[in-house]
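Notes follow the structure.
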Amino acid sequence: MVKKFLRLLYALFILHAIWAVAALLVNRPLLPTPWAVYSYFPQLVGLDLWWNIYFSLYRLGWSLFWATVIGVPLGIASVRFPKFGQLFDPLVYFTYPMPKIAFLPVVMLLAGLGNASKIIMISLIIVFQIIIGVRDAVSQVPSSMYQVLEVLHANRWTMFWAVTWSASLAGFLSSLKIALGTAIATLFFTEIYGTQYGMGYFIMDQWNRLDYLAMFGGIIVISVVSFLLFSLISLIEHYCLRWQKDK
């Protein structure tokens, strides 16, 4: 734990050193120094910063929820029910590479400019990552594990809980960490349109106002929030998947 903390401090030092050197070399207001941005932080509170964080987390939370509710069962079913997988896998294979953000105008036309369109768009993009992560994890379970449980007269619920669910949980948490970065990037893009709250809107609004200190402050805030969410998923993964470390 101490080594991880020291590595984190090292990474933060390097990033801030690069930022400071670049700011001093550019020597223009559009790239302020780290200490100038941090000294401006108290004024960000007066710019509805907390409301913007709240709305972004609200949209992100519901998007991750719906992507999980849809993606995990589909990922498991595509492996445990081969006939369903034969029909479903080609659909995933064909649609996964498609740039789904291109459907944002269509989603906005159908769902409006509010939270619904943003949640639908983010969920639509990250659900494929969760489906594939869960499917690949479940497909790696050797059939011999199910055969052993059948010999022991275990019912389907026991086999699901003891084998399938454990494997799918590992795949889900791993894919969720990857999907989180994609979700936040999509969130930023969707919040540029049809809203007056959200960190994406906040950053772009400060850019339009030429308030570069507030803009960089918003970038730091959304980066810290993203890191905390990633750390939370890693912590859940650490405690829920201890059996992986015991192998």
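Identifiers in the structure tokens: chain A, B, ... in order shown; residue index from 1 per chain; ligand index from 1 in order shown.
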Counting only C-alpha atoms, which residues of range 93-148 of chain A sit at most 7 Å from some atom of range 60-76 of chain A, and what is each one's closest atom pair with its distance in Å to one decimal, listed by chain and rising residue number, as a tab-separated table?
residue	atom	partner	partner_atom	distance
A:Ile119	CA	A:Ser63	CA	5.0
A:Ile120	CA	A:Ser63	CA	7.0
A:Ile122	CA	A:Ser63	CA	5.9
A:Ser123	CA	A:Ser63	CA	4.8
A:Ile126	CA	A:Ala67	CA	6.5
A:Val127	CA	A:Ala67	CA	4.6
A:Phe128	CA	A:Gly71	CA	7.0
A:Ile130	CA	A:Gly71	CA	5.5
A:Ile131	CA	A:Gly75	CA	4.5
A:Ile132	CA	A:Gly75	CA	6.4
A:Val134	CA	A:Gly75	CA	5.1
A:Arg135	CA	A:Gly75	CA	4.3
A:Val138	CA	A:Ile76	CA	6.6
So that I have them on file, write out the residues from the current selection with N, CA and C atoms, as a CSV table (one decimal), in the first residue's frame.
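What ended up in selection39.csv:
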chain,number,residue,atom,x,y,z
A,119,ILE,N,-27.7,9.7,-20.9
A,119,ILE,CA,-27.6,8.4,-20.2
A,119,ILE,C,-27.7,7.3,-21.2
A,120,ILE,N,-28.6,7.4,-22.2
A,120,ILE,CA,-28.8,6.4,-23.2
A,120,ILE,C,-27.5,6.3,-24.1
A,122,ILE,N,-24.3,7.2,-23.3
A,122,ILE,CA,-23.2,6.6,-22.6
A,122,ILE,C,-23.4,5.1,-22.4
A,123,SER,N,-24.6,4.7,-22.0
A,123,SER,CA,-24.9,3.3,-21.8
A,123,SER,C,-24.7,2.5,-23.1
A,126,ILE,N,-20.8,2.0,-23.6
A,126,ILE,CA,-20.0,1.1,-22.7
A,126,ILE,C,-20.6,-0.3,-22.5
A,127,VAL,N,-21.9,-0.5,-22.9
A,127,VAL,CA,-22.5,-1.8,-22.6
A,127,VAL,C,-21.8,-2.9,-23.4
A,128,PHE,N,-21.3,-2.5,-24.6
A,128,PHE,CA,-20.6,-3.5,-25.4
A,128,PHE,C,-19.3,-4.0,-24.7
A,130,ILE,N,-18.8,-4.1,-21.5
A,130,ILE,CA,-19.1,-5.0,-20.4
A,130,ILE,C,-19.6,-6.4,-20.9
A,131,ILE,N,-20.4,-6.4,-22.0
A,131,ILE,CA,-20.8,-7.7,-22.6
A,131,ILE,C,-19.6,-8.5,-23.0
A,132,ILE,N,-18.6,-7.9,-23.7
A,132,ILE,CA,-17.5,-8.7,-24.1
A,132,ILE,C,-16.6,-9.1,-23.0
A,134,VAL,N,-17.5,-9.7,-19.8
A,134,VAL,CA,-18.2,-10.8,-19.1
A,134,VAL,C,-18.2,-12.1,-19.9
A,135,ARG,N,-18.5,-12.0,-21.2
A,135,ARG,CA,-18.5,-13.1,-22.1
A,135,ARG,C,-17.2,-13.8,-22.1
A,138,VAL,N,-16.4,-15.6,-18.7
A,138,VAL,CA,-17.2,-16.9,-18.5
A,138,VAL,C,-16.8,-18.0,-19.5
Within 8 Å of Thr182 in chain A, counting only C-alpha atoms, which residues qualify if same-chain residues fewer than 4 places away don't, as a tab-separated table (two decimals) with N, CA and C atoms, in the first residue's frame?
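Output saved as selection09.tsv:
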chain	number	residue	atom	x	y	z
A	125	ILE	N	-22.71	3.02	-25.50
A	125	ILE	CA	-21.31	2.88	-25.85
A	125	ILE	C	-20.59	1.87	-24.95
A	126	ILE	N	-20.82	1.96	-23.63
A	126	ILE	CA	-20.04	1.12	-22.71
A	126	ILE	C	-20.64	-0.26	-22.49
A	178	ILE	N	-12.25	-0.30	-17.56
A	178	ILE	CA	-12.00	0.19	-18.92
A	178	ILE	C	-13.16	1.06	-19.38
A	186	THR	N	-17.22	10.10	-23.05
A	186	THR	CA	-18.51	10.31	-23.73
A	186	THR	C	-19.38	11.31	-22.97
Write out as a PyMOL selection string all residues of range 23-197 of chain A that backbone DSSP assigns to helix (DSSP H, G or I). chain A and resi 23-26+34-39+41-47+49-80+82-95+100-111+115-139+143-151+156-190
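Reported to one decimal place, the separation of CA of Phe172 in chain A from CA of Phe81 in chain A is 18.5 Å.
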Which of these residues is nearest to Ala179 in chain A, using only C-alpha atoms: A:Ile233, A:Ile220, A:Val225, A:Val148?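 For Ala179 in chain A, the nearest of the candidates is A:Ile233.
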Do you know which residues are at most 7 Å from Ala23 in chain A counting only C-alpha atoms, after dropping those on the same chain fewer than 6 positions away, and could you put them as a PDB file with N, CA, C and O atoms, in the first residue's frame?
ATOM      1  N   LEU A  31      -2.290  28.820 -20.969  1.00  0.00           N
ATOM      2  CA  LEU A  31      -1.698  27.689 -20.255  1.00  0.00           C
ATOM      3  C   LEU A  31      -1.134  28.191 -18.936  1.00  0.00           C
ATOM      4  O   LEU A  31       0.065  28.476 -18.816  1.00  0.00           O
ATOM      5  N   PRO A  32      -1.981  28.320 -17.917  1.00  0.00           N
ATOM      6  CA  PRO A  32      -1.508  28.823 -16.621  1.00  0.00           C
ATOM      7  C   PRO A  32      -0.670  27.789 -15.884  1.00  0.00           C
ATOM      8  O   PRO A  32      -0.699  26.603 -16.201  1.00  0.00           O
ATOM      9  N   THR A  33       0.083  28.238 -14.910  1.00  0.00           N
ATOM     10  CA  THR A  33       0.909  27.349 -14.099  1.00  0.00           C
ATOM     11  C   THR A  33       0.040  26.582 -13.110  1.00  0.00           C
ATOM     12  O   THR A  33      -1.078  27.016 -12.775  1.00  0.00           O
TER      13      THR A  33
END
Rank nothing, just name the residue among A:Leu213, A:Ile222, A:Ala77, A:Met199 nearest to Ser168 in chain A, using only C-alpha atoms. A:Ala77
